[in-house]
Amino acid sequence: MLSVAFVAAAFAGHTYASPFTSVASTLDLVPRALSSGCSTTGTQSCKNTTAVSNLCCFEAPGGLLLQTQFWDTDPSTGPSDSWTIHGLWPDRCDLTFDSSCDPARAYTGMSSILTANGASDTLAYMQKYWVDINGQNEQFWERILMVQQSTLEVDCLPSGSARGAESLPTYTWLASAGITPSSTATYTLAALTSALKTASGGFTPALDCQSGSLNAISWYFNLKGSAIDGVFVPLSK
């Protein structure tokens with residue numbers, strides 16, 4: 001599933017990131033074609049003991065990243081074989097978070113910006129996988145893009161920012177374990193977490209229910225380097 005981080009980079013620099021999908025069996029969140037120039041061998045976010053000055057290469061204060069996806073049924077949104085994107089949330093390391101932390105990114109007319117910059121493919125992907133439950137996609141994108149990480153500030157983007165890739169195929173991983181959406185079948189929390197933990201290589205996400213139905217999942221990460229091409233370190237919830 002495409003991360004909102006790469007779409008945010010498009011608006012921050014008025015370039016674009018196309019939604020190529022990497023190998024589905026990995027937790028690879030690294031956009032291979034981009035280069036931030038940042039090291040990925042240093043301290044990961046939330047693990048530093050002293051202040052870090054270069055926030056283009058270190059995620060702070062929002063160093064606990066949540067890649068959250070939705071499965072909406074009332075009303076039904078998105079494709080029938082994939083969860084939809086909610087966002088890549090830069091929570092603080094103490095589980096608190098800032099909202100509307102960057103008014104400078106109060107963009108409007110997202111579709112027009114992407115189309116004008118030759119990113120119709122990205123827009124089509126967003127219209128399929130990054131959708132609002134009430135059909136207000138433009139307003140949804142505007143709100144989400146205001147809460148992205150410091151590493152996606154305009155001055156932190158490499159020149160000619162190009163294309164990225166990543167994959168957290170929640171639907172595919174559950175379906176491979178025989179767990180698919182149903183109005184009659186039920187699944188235990190243990191079965192859900194076991195399937196996802198096995199497929200992801202040993203990491204347990206957070207699952208949320210609404211009216212007795214599973215509707216949201218959050219994968220947790222710390223980060224080494226830049227959100228553009230850094231190493232996302234998966235965590236269990």
# chains A, B, ... in the order shown; residues from 1 in each chain; ligands from 1
>>> closest_atom_pairs(of="region 62-144 of chain A", to="region 200-211 of chain A", cutoff="12 Å", atoms="only C-alpha atoms", output="Markdown table")
| residue | atom | partner | partner_atom | distance |
| --- | --- | --- | --- | --- |
| A:Leu66 | CA | A:Pro205 | CA | 9.5 |
| A:Gln67 | CA | A:Pro205 | CA | 9.6 |
| A:Thr68 | CA | A:Ala206 | CA | 9.2 |
| A:Gln69 | CA | A:Leu207 | CA | 9.9 |
| A:Phe70 | CA | A:Asp208 | CA | 9.5 |
| A:Trp71 | CA | A:Cys209 | CA | 9.9 |
| A:Asp72 | CA | A:Gln210 | CA | 9.6 |
| A:Thr73 | CA | A:Gln210 | CA | 10.1 |
| A:Asp74 | CA | A:Gln210 | CA | 10.1 |
>>> residues_around(residues="Asp81 (chain A)", least_positions_apart="4", cutoff="10 Å", atoms="only C-alpha atoms", output="ChimeraX atom specification")
/A:169-172,175,180-181
>>> closest_residue(among="A:Ala185, A:Cys93, A:Ala116, A:Leu88", to="Leu145 (chain A)", atoms="only C-alpha atoms")
A:Leu88
>>> closest_residue(among="A:Ile217, A:Ala195, A:Lys224, A:Arg143", to="Tyr107 (chain A)", atoms="only C-alpha atoms")
A:Arg143
>>> closest_residue(among="A:Thr77, A:Ser112, A:Thr122, A:Gln44", to="Gln136 (chain A)", atoms="only C-alpha atoms")
A:Thr77
